[in-house]
$ cat structure07.tsv   # TSV, C-alpha atoms
chain	number	residue	atom	x	y	z
F	1475	MET	CA	-21.78	43.64	-11.77
F	1476	ALA	CA	-18.51	44.34	-9.97
F	1477	VAL	CA	-16.07	41.97	-8.23
F	1478	TYR	CA	-13.97	43.30	-5.36
F	1479	ALA	CA	-11.31	41.63	-3.21
F	1480	ILE	CA	-11.03	43.01	0.33
F	1481	GLY	CA	-7.95	42.79	2.54
F	1482	ASP	CA	-7.70	41.71	6.18
F	1483	VAL	CA	-10.72	43.07	8.08
F	1484	GLN	CA	-9.67	41.71	11.51
F	1485	GLY	CA	-12.86	42.79	13.24
F	1486	CYS	CA	-12.74	46.38	11.95
F	1487	TYR	CA	-16.49	46.53	11.56
F	1488	PRO	CA	-17.03	50.30	11.11
F	1489	GLU	CA	-14.40	50.45	8.39
F	1490	LEU	CA	-15.96	47.49	6.56
F	1491	GLN	CA	-19.35	49.21	6.64
F	1492	ARG	CA	-17.81	52.44	5.29
F	1493	LEU	CA	-15.93	50.55	2.58
F	1494	LEU	CA	-19.07	48.77	1.39
F	1495	ASP	CA	-20.85	52.13	1.26
F	1496	LYS	CA	-17.97	53.63	-0.72
F	1497	LEU	CA	-18.11	50.70	-3.17
F	1498	ASP	CA	-21.87	51.20	-3.50
F	1499	PHE	CA	-21.99	47.45	-3.00
F	1500	ASP	CA	-25.12	45.75	-4.30
F	1501	PRO	CA	-25.41	42.16	-2.95
F	1502	ALA	CA	-27.87	41.33	-5.73
F	1503	ALA	CA	-25.33	42.11	-8.44
F	1504	ASP	CA	-21.80	42.41	-7.02
F	1505	LYS	CA	-19.34	39.90	-5.55
F	1506	LEU	CA	-16.93	40.29	-2.64
F	1507	TRP	CA	-13.78	38.22	-2.22
F	1508	PHE	CA	-12.32	38.33	1.29
F	1509	CYS	CA	-8.62	37.49	1.64
F	1510	GLY	CA	-9.04	36.10	5.17
F	1511	ASP	CA	-8.36	37.18	8.73
F	1512	LEU	CA	-11.90	38.40	9.10
F	1513	ILE	CA	-11.52	38.54	12.87
F	1514	ASN	CA	-9.41	39.47	15.91
F	1515	ARG	CA	-7.84	42.70	17.18
F	1516	GLY	CA	-10.24	45.20	15.60
F	1517	GLY	CA	-12.73	45.06	18.46
F	1518	GLN	CA	-15.90	43.92	16.70
F	1519	SER	CA	-15.27	40.44	15.36
F	1520	LEU	CA	-18.75	39.18	16.21
F	1521	GLU	CA	-20.42	42.00	14.30
F	1522	THR	CA	-18.02	41.50	11.40
F	1523	LEU	CA	-18.76	37.79	11.12
F	1524	ARG	CA	-22.50	38.38	11.30
F	1525	LEU	CA	-22.33	40.99	8.54
F	1526	ILE	CA	-20.21	38.87	6.19
F	1527	GLN	CA	-22.31	35.77	6.88
F	1528	SER	CA	-25.44	37.74	5.99
F	1529	LEU	CA	-23.83	38.44	2.60
F	1530	SER	CA	-22.73	34.85	2.04
F	1531	ALA	CA	-24.59	34.49	-1.27
F	1532	SER	CA	-22.37	37.28	-2.64
F	1533	THR	CA	-19.03	36.39	-1.05
F	1534	ILE	CA	-16.02	34.13	-1.51
F	1535	ILE	CA	-13.68	33.78	1.46
F	1536	THR	CA	-10.23	32.27	1.90
F	1537	LEU	CA	-9.51	31.56	5.55
F	1538	GLY	CA	-6.59	33.25	7.31
F	1539	ASN	CA	-4.53	32.19	10.29
F	1540	HIS	CA	-6.70	34.17	12.73
F	1541	ASP	CA	-9.86	32.53	11.37
F	1542	LEU	CA	-8.39	29.05	11.74
F	1543	SER	CA	-7.16	29.92	15.22
F	1544	LEU	CA	-10.71	30.81	16.26
F	1545	LEU	CA	-11.98	27.47	14.95
F	1546	ALA	CA	-9.24	25.67	16.88
F	1547	ILE	CA	-9.98	27.56	20.10
F	1548	ALA	CA	-13.65	26.60	19.75
F	1549	GLU	CA	-12.60	22.94	20.17
F	1550	ARG	CA	-11.09	23.59	23.61
F	1551	THR	CA	-12.90	23.28	26.91
F	1552	GLU	CA	-15.35	26.00	27.85
F	1553	GLU	CA	-12.98	27.04	30.64
F	1554	ALA	CA	-10.11	27.45	28.17
F	1555	GLN	CA	-12.32	29.40	25.76
F	1556	ALA	CA	-13.21	31.79	28.58
F	1557	ARG	CA	-9.54	32.74	28.93
F	1558	VAL	CA	-9.09	34.20	25.43
F	1559	ASN	CA	-9.41	37.90	24.69
F	1560	PRO	CA	-12.83	39.56	25.10
F	1561	GLU	CA	-13.28	40.02	21.37
F	1562	LEU	CA	-13.00	36.30	20.65
F	1563	ARG	CA	-15.04	35.42	23.76
F	1564	ALA	CA	-17.88	37.48	22.31
F	1565	VAL	CA	-17.92	35.10	19.31
F	1566	LEU	CA	-17.37	31.90	21.28
F	1567	PHE	CA	-20.22	32.59	23.73
F	1568	ALA	CA	-22.65	34.24	21.30
F	1569	PRO	CA	-26.10	32.66	20.92
F	1570	ASP	CA	-25.42	32.13	17.19
F	1571	ARG	CA	-21.90	30.79	17.80
F	1572	ASP	CA	-22.51	27.38	16.20
F	1573	SER	CA	-24.03	28.89	13.09
F	1574	LEU	CA	-21.12	31.30	12.68
F	1575	LEU	CA	-18.42	28.70	13.31
F	1576	ASP	CA	-19.98	26.09	11.02
F	1577	TRP	CA	-20.25	28.71	8.28
F	1578	LEU	CA	-16.64	29.78	8.81
F	1579	ARG	CA	-15.44	26.18	8.73
F	1580	GLY	CA	-17.08	25.78	5.34
F	1581	GLN	CA	-14.97	28.46	3.64
F	1582	LYS	CA	-12.06	27.98	1.25
F	1583	LEU	CA	-8.28	28.03	1.61
F	1584	MET	CA	-7.72	29.09	-2.00
F	1585	HIS	CA	-9.90	30.32	-4.84
F	1586	HIS	CA	-9.14	30.46	-8.55
F	1587	ASP	CA	-11.39	32.08	-11.16
F	1588	ALA	CA	-10.21	31.11	-14.64
F	1589	GLU	CA	-12.60	33.52	-16.34
F	1590	LEU	CA	-11.40	36.55	-14.37
F	1591	ASN	CA	-7.83	35.20	-14.32
F	1592	TRP	CA	-7.48	35.90	-10.59
F	1593	THR	CA	-6.39	33.62	-7.75
F	1594	MET	CA	-6.91	34.42	-4.06
F	1595	VAL	CA	-5.11	33.10	-0.97
F	1596	HIS	CA	-4.59	34.58	2.46
F	1597	ALA	CA	-0.78	34.43	2.66
F	1598	GLY	CA	0.98	32.78	-0.26
F	1599	LEU	CA	1.77	29.75	-2.40
F	1600	ALA	CA	4.67	27.33	-2.19
F	1601	PRO	CA	7.19	28.17	-4.92
F	1602	GLN	CA	7.28	24.54	-6.11
F	1603	TRP	CA	3.50	24.28	-6.51
F	1604	THR	CA	1.81	24.34	-9.87
F	1605	LEU	CA	-1.69	25.82	-9.88
F	1606	ARG	CA	-3.09	22.30	-9.89
F	1607	GLN	CA	-0.98	21.25	-6.89
F	1608	ALA	CA	-1.93	24.39	-4.98
F	1609	LEU	CA	-5.65	23.85	-5.55
F	1610	ARG	CA	-5.33	20.19	-4.60
F	1611	SER	CA	-3.52	21.08	-1.37
F	1612	ALA	CA	-6.19	23.63	-0.48
F	1613	SER	CA	-9.02	21.21	-1.25
F	1614	GLU	CA	-7.45	18.56	1.01
F	1615	ILE	CA	-7.68	20.98	3.93
F	1616	GLU	CA	-11.20	22.06	2.99
F	1617	ARG	CA	-12.44	18.47	2.89
F	1618	GLU	CA	-10.95	17.79	6.31
F	1619	LEU	CA	-12.39	20.99	7.84
F	1620	GLN	CA	-15.83	20.34	6.42
F	1621	GLY	CA	-15.90	16.62	7.22
F	1622	GLY	CA	-16.78	14.61	10.27
F	1623	LYS	CA	-13.15	14.43	11.44
F	1624	HIS	CA	-12.53	18.19	11.46
F	1625	ARG	CA	-11.81	18.18	15.20
F	1626	ARG	CA	-8.72	16.05	14.64
F	1627	LEU	CA	-7.23	18.70	12.36
F	1628	LEU	CA	-8.25	21.64	14.55
F	1629	ARG	CA	-6.71	20.02	17.64
F	1630	ASN	CA	-3.42	19.53	15.77
F	1631	LEU	CA	-3.46	22.78	13.84
F	1632	PHE	CA	-0.60	24.68	15.43
F	1633	GLY	CA	3.10	24.19	14.86
F	1634	ASN	CA	5.98	25.42	12.72
F	1635	LYS	CA	6.78	21.91	11.51
F	1636	PRO	CA	6.79	20.85	8.78
F	1637	ALA	CA	8.14	24.18	7.52
F	1638	THR	CA	8.48	22.83	3.97
F	1639	TRP	CA	5.73	21.24	1.91
F	1640	THR	CA	6.74	18.12	-0.02
F	1641	PRO	CA	4.58	15.59	-1.87
F	1642	ARG	CA	5.91	12.87	0.44
F	1643	LEU	CA	4.09	14.29	3.47
F	1644	ARG	CA	0.99	12.46	4.69
F	1645	GLY	CA	-1.74	12.91	7.26
F	1646	ILE	CA	-1.71	15.79	9.72
F	1647	ASP	CA	1.84	16.79	8.72
F	1648	ARG	CA	0.77	17.26	5.12
F	1649	LEU	CA	-2.28	19.30	6.09
F	1650	ARG	CA	-0.33	21.46	8.55
F	1651	ALA	CA	2.41	22.12	5.99
F	1652	SER	CA	-0.18	23.28	3.46
F	1653	ILE	CA	-1.92	25.44	6.07
F	1654	ASN	CA	1.38	27.07	7.00
F	1655	VAL	CA	1.98	27.95	3.34
F	1656	LEU	CA	-1.52	29.21	2.59
F	1657	THR	CA	-2.11	31.16	5.80
F	1658	ARG	CA	1.25	32.03	7.42
F	1659	MET	CA	4.00	32.35	4.82
F	1660	ARG	CA	5.89	35.56	4.14
F	1661	TYR	CA	9.53	34.59	3.62
F	1662	CYS	CA	11.01	31.28	2.53
F	1663	ASP	CA	14.23	29.91	1.04
F	1664	VAL	CA	14.69	28.53	-2.48
F	1665	ARG	CA	13.38	25.12	-1.38
F	1666	GLY	CA	10.21	26.67	0.02
F	1667	ARG	CA	11.18	26.32	3.68
F	1668	ILE	CA	9.19	28.96	5.57
F	1669	ASP	CA	10.79	31.41	7.97
F	1670	PHE	CA	8.15	32.20	10.59
F	1671	GLU	CA	10.09	34.94	12.38
F	1672	HIS	CA	10.72	37.67	9.81
F	1673	LYS	CA	7.70	39.89	9.13
F	1674	GLY	CA	9.22	43.19	8.03
F	1675	VAL	CA	9.47	44.73	4.59
F	1676	PRO	CA	11.60	43.04	1.90
F	1677	GLY	CA	15.23	43.92	2.43
F	1678	THR	CA	15.14	43.36	6.19
F	1679	GLN	CA	15.24	39.55	6.03
F	1680	LYS	CA	18.25	37.29	6.58
F	1681	PRO	CA	20.41	36.30	3.60
F	1682	GLY	CA	18.99	33.30	1.77
F	1683	LEU	CA	15.37	34.26	2.40
F	1684	TYR	CA	13.03	35.64	-0.25
F	1685	PRO	CA	9.51	37.03	-0.18
F	1686	TRP	CA	7.52	33.99	-1.28
F	1687	PHE	CA	6.61	35.63	-4.60
F	1688	GLU	CA	10.26	36.43	-5.46
F	1689	VAL	CA	11.74	32.95	-5.00
F	1690	PRO	CA	13.86	32.03	-8.05
F	1691	GLY	CA	12.11	29.40	-10.16
F	1692	MET	CA	8.67	30.01	-8.68
F	1693	ARG	CA	6.16	28.10	-10.79
F	1694	GLN	CA	3.14	30.43	-10.63
F	1695	ARG	CA	4.54	33.45	-12.45
F	1696	HIS	CA	1.62	33.36	-14.90
F	1697	LEU	CA	-0.99	33.86	-12.17
F	1698	ARG	CA	-2.55	37.08	-10.95
F	1699	ILE	CA	-2.77	36.59	-7.20
F	1700	VAL	CA	-4.56	38.71	-4.62
F	1701	CYS	CA	-3.62	38.12	-1.00
F	1702	GLY	CA	-3.47	39.68	2.47
F	1703	HIS	CA	-1.65	38.69	5.67
F	1704	TRP	CA	1.49	40.83	5.30
F	1705	SER	CA	0.58	44.29	6.58
F	1706	ALA	CA	4.21	45.50	6.45
F	1707	LEU	CA	3.98	45.31	2.64
F	1708	ASP	CA	1.03	47.71	2.77
F	1709	ARG	CA	-0.39	47.93	-0.77
F	1710	PHE	CA	1.98	46.05	-3.05
F	1711	ALA	CA	1.84	45.03	-6.71
F	1712	GLY	CA	4.61	43.08	-8.40
F	1713	PHE	CA	5.52	39.62	-9.71
F	1714	GLY	CA	1.84	39.06	-10.49
F	1715	VAL	CA	0.93	39.56	-6.82
F	1716	HIS	CA	-1.43	42.19	-5.45
F	1717	ALA	CA	-1.15	42.34	-1.65
F	1718	ILE	CA	-3.96	44.32	0.01
F	1719	ASP	CA	-3.52	43.97	3.77
F	1720	THR	CA	-3.05	47.69	4.33
F	1721	GLY	CA	-3.04	47.47	8.12
F	1722	CYS	CA	-6.48	48.76	9.01
F	1723	VAL	CA	-6.27	47.28	12.48
F	1724	TRP	CA	-2.96	49.11	13.00
F	1725	GLY	CA	-4.29	52.51	11.96
F	1726	GLY	CA	-3.79	52.13	8.21
F	1727	HIS	CA	-6.57	51.51	5.69
F	1728	LEU	CA	-9.06	48.86	4.71
F	1729	THR	CA	-8.58	48.27	1.00
F	1730	ALA	CA	-10.63	46.77	-1.80
F	1731	LEU	CA	-9.26	45.84	-5.22
F	1732	ARG	CA	-11.64	45.72	-8.17
F	1733	LEU	CA	-10.89	42.56	-10.09
F	1734	ASP	CA	-13.23	42.75	-13.08
F	1735	SER	CA	-11.99	46.05	-14.49
F	1736	GLU	CA	-9.53	46.32	-17.38
F	1737	GLU	CA	-6.85	47.48	-14.95
F	1738	PRO	CA	-6.93	46.66	-11.21
F	1739	ARG	CA	-8.41	49.56	-9.24
F	1740	TYR	CA	-7.96	50.21	-5.52
F	1741	ILE	CA	-10.57	51.72	-3.19
F	1742	SER	CA	-9.71	52.36	0.47
F	1743	VAL	CA	-11.12	53.85	3.66
F	1744	ALA	CA	-9.01	55.13	6.55
F	1745	ALA	CA	-8.96	53.32	9.87
F	1746	GLU	CA	-10.92	54.69	12.80
F	1747	PRO	CA	-8.89	57.38	14.65
F	1748	HIS	CA	-8.37	55.27	17.79
F	1749	ARG	CA	-6.47	52.49	16.00
F	1750	GLN	CA	-2.70	52.39	16.32
F	1751	ARG	CA	0.04	49.79	16.20
F	1752	PRO	CA	1.23	48.59	19.61
F	1753	PRO	CA	5.01	48.30	19.90
F	1754	ASP	CA	4.96	44.48	20.25
F	1755	ALA	CA	2.49	43.76	17.43
F	1756	ASP	CA	3.26	41.03	14.91

$ encode --input "structure07.tsv" --output "structure tokens"
Amino acid sequence: MAVYAIGDVQGCYPELQRLLDKLDFDPAADKLWFCGDLINRGGQSLETLRLIQSLSASTIITLGNHDLSLLAIAERTEEAQARVNPELRAVLFAPDRDSLLDWLRGQKLMHHDAELNWTMVHAGLAPQWTLRQALRSASEIERELQGGKHRRLLRNLFGNKPATWTPRLRGIDRLRASINVLTRMRYCDVRGRIDFEHKGVPGTQKPGLYPWFEVPGMRQRHLRIVCGHWSALDRFAGFGVHAIDTGCVWGGHLTALRLDSEEPRYISVAAEPHRQRPPDAD
């Protein structure tokens, strides 16, 4: 049995197929952890979702911002859904749309495996969170997404406020603050206030901002965390964090990290030749 975490796929279906072949993945024995952002920009999001759903007995997924965005768009009018990009329209108007979206809505925001001593999120953790607080915050979102009132959350999903999670927050503000941490955070200040603008490599940010995993006094230093979201980091390991969004959709690589080996081991495949980063990409 092997356990692999895979970085942001973003609809890069051929690369995912090649990576699974390279891993010699056996769904009867192996496990795949996906760091989120399964869809959007790679061109074949529908095929990607169908493939990963077909492997659901062997997968653990933490949702990314693109995944949540798709779920939110699916709550809009049919006319509004028809105005999104062709790749997302293919999902929204597919015959198996409801099955795919219900399955996606049932995924996690954070996963912790005490036996393997690995934790997975899409973007990051608030520096003031303990492991228990982080898991509680993620489970609050999961319950809302999977419950009968999920449309309320999805219709109020977007927004940069609150930019700081505090235990005093309640309702939609509390859920949105946790979502912003778990799926959008790169830089923040010492109080955990997120900066949503800066996306470049560490050293390019404004004074007073830190990569979320370098904030002084961060409370999760004991964790081994695997995450995606921040393609500018490429493959990064430090401060207990292993970031594996290696920019496949921008012409980089799709990367897997073996989690059950004595030392973490990386396996990658190159992006398809036609992929390149547009000048205005975020």

$ atom_distance --input "structure07.tsv" --atom1 "atom CA of Asp1504 of chain F" --atom2 "atom CA of His1727 of chain F"
21.8 Å

$ closest_residue --input "structure07.tsv" --among "F:Cys1486, F:Leu1562, F:Ala1717, F:Ala1651" --to "Gly1516 of chain F" --atoms "all atoms listed in the file"
F:Cys1486

$ residues_around --input "structure07.tsv" --residues "segment 1493-1499 of chain F" --least-positions-apart "4" --cutoff "8 Å" --atoms "all atoms listed in the file" --output "PyMOL selection string"
chain F and resi 1489+1504+1728-1730+1741-1743

$ residues_near_point --input "structure07.tsv" --point "(10.8, 22.2, 1.4)" --cutoff "10 Å" --atoms "only C-alpha atoms" --output "JSON, numbers by chain"
{"F": [1600, 1601, 1602, 1636, 1637, 1638, 1639, 1640, 1641, 1651, 1662, 1663, 1664, 1665, 1666, 1667, 1668]}

$ axis_aligned_box --input "structure07.tsv" --around "segment 1478-1481 of chain F" --padding-each-side "8 Å" --output "AutoDock Vina command-line options"
--center_x -11.0 --center_y 42.5 --center_z -1.4 --size_x 22.0 --size_y 17.7 --size_z 23.9

$ closest_residue --input "structure07.tsv" --among "F:Thr1536, F:Asn1591, F:Gln1518, F:Gln1581" --to "Asn1559 of chain F" --atoms "all atoms listed in the file"
F:Gln1518

$ closest_residue --input "structure07.tsv" --among "F:Leu1490, F:Leu1506, F:Ala1568, F:Val1477" --to "Leu1520 of chain F" --atoms "all atoms listed in the file"
F:Ala1568

$ atom_distance --input "structure07.tsv" --atom1 "atom CA of Ser1652 of chain F" --atom2 "atom CA of Asp1576 of chain F"
21.4 Å

$ closest_residue --input "structure07.tsv" --among "F:Arg1571, F:Arg1732, F:Arg1579, F:Arg1606" --to "Arg1524 of chain F" --atoms "all atoms listed in the file"
F:Arg1571

$ atom_distance --input "structure07.tsv" --atom1 "atom CA of Thr1551 of chain F" --atom2 "atom CA of Leu1656 of chain F"
27.5 Å

$ residues_around --input "structure07.tsv" --residues "His1703 of chain F" --least-positions-apart "4" --cutoff "7 Å" --atoms "all atoms listed in the file" --output "compact mmCIF listing (two decimals) with C-alpha atoms, in the coordinates of the input"
# COMPACT_ATOMS: atom_id res chain seq x y z
CA ASP F 1482 -7.70 41.71 6.18
CA HIS F 1596 -4.59 34.58 2.46
CA ALA F 1597 -0.78 34.43 2.66
CA ASP F 1719 -3.52 43.97 3.77

$ closest_residue --input "structure07.tsv" --among "F:Leu1537, F:Gly1691, F:Pro1738, F:Val1723" --to "Ala1711 of chain F" --atoms "all atoms listed in the file"
F:Pro1738

$ residues_near_point --input "structure07.tsv" --point "(-12.8, 32.8, -5.9)" --cutoff "9 Å" --atoms "all atoms listed in the file" --output "MDAnalysis selection string"
chainID F and resid 1507 1533:1536 1582 1584:1587 1592:1594

$ residues_around --input "structure07.tsv" --residues "Glu1553 of chain F" --least-positions-apart "6" --cutoff "12 Å" --atoms "only C-alpha atoms" --output "list in words"
Ile1547, Arg1563, Leu1566 and Phe1567 of chain F

$ closest_residue --input "structure07.tsv" --among "F:Gln1750, F:Ser1519, F:Gln1694, F:Ser1735" --to "Ala1564 of chain F" --atoms "all atoms listed in the file"
F:Ser1519

$ residues_around --input "structure07.tsv" --residues "Leu1512 of chain F" --least-positions-apart "2" --cutoff "8 Å" --atoms "only C-alpha atoms" --output "compact mmCIF listing (two decimals) with C-alpha atoms, keeping the file's coordinate frame"
# COMPACT_ATOMS: atom_id res chain seq x y z
CA ASP F 1482 -7.70 41.71 6.18
CA VAL F 1483 -10.72 43.07 8.08
CA GLN F 1484 -9.67 41.71 11.51
CA GLY F 1485 -12.86 42.79 13.24
CA PHE F 1508 -12.32 38.33 1.29
CA GLY F 1510 -9.04 36.10 5.17
CA ASN F 1514 -9.41 39.47 15.91
CA SER F 1519 -15.27 40.44 15.36
CA THR F 1522 -18.02 41.50 11.40
CA LEU F 1523 -18.76 37.79 11.12
CA GLY F 1538 -6.59 33.25 7.31
CA HIS F 1540 -6.70 34.17 12.73
CA ASP F 1541 -9.86 32.53 11.37
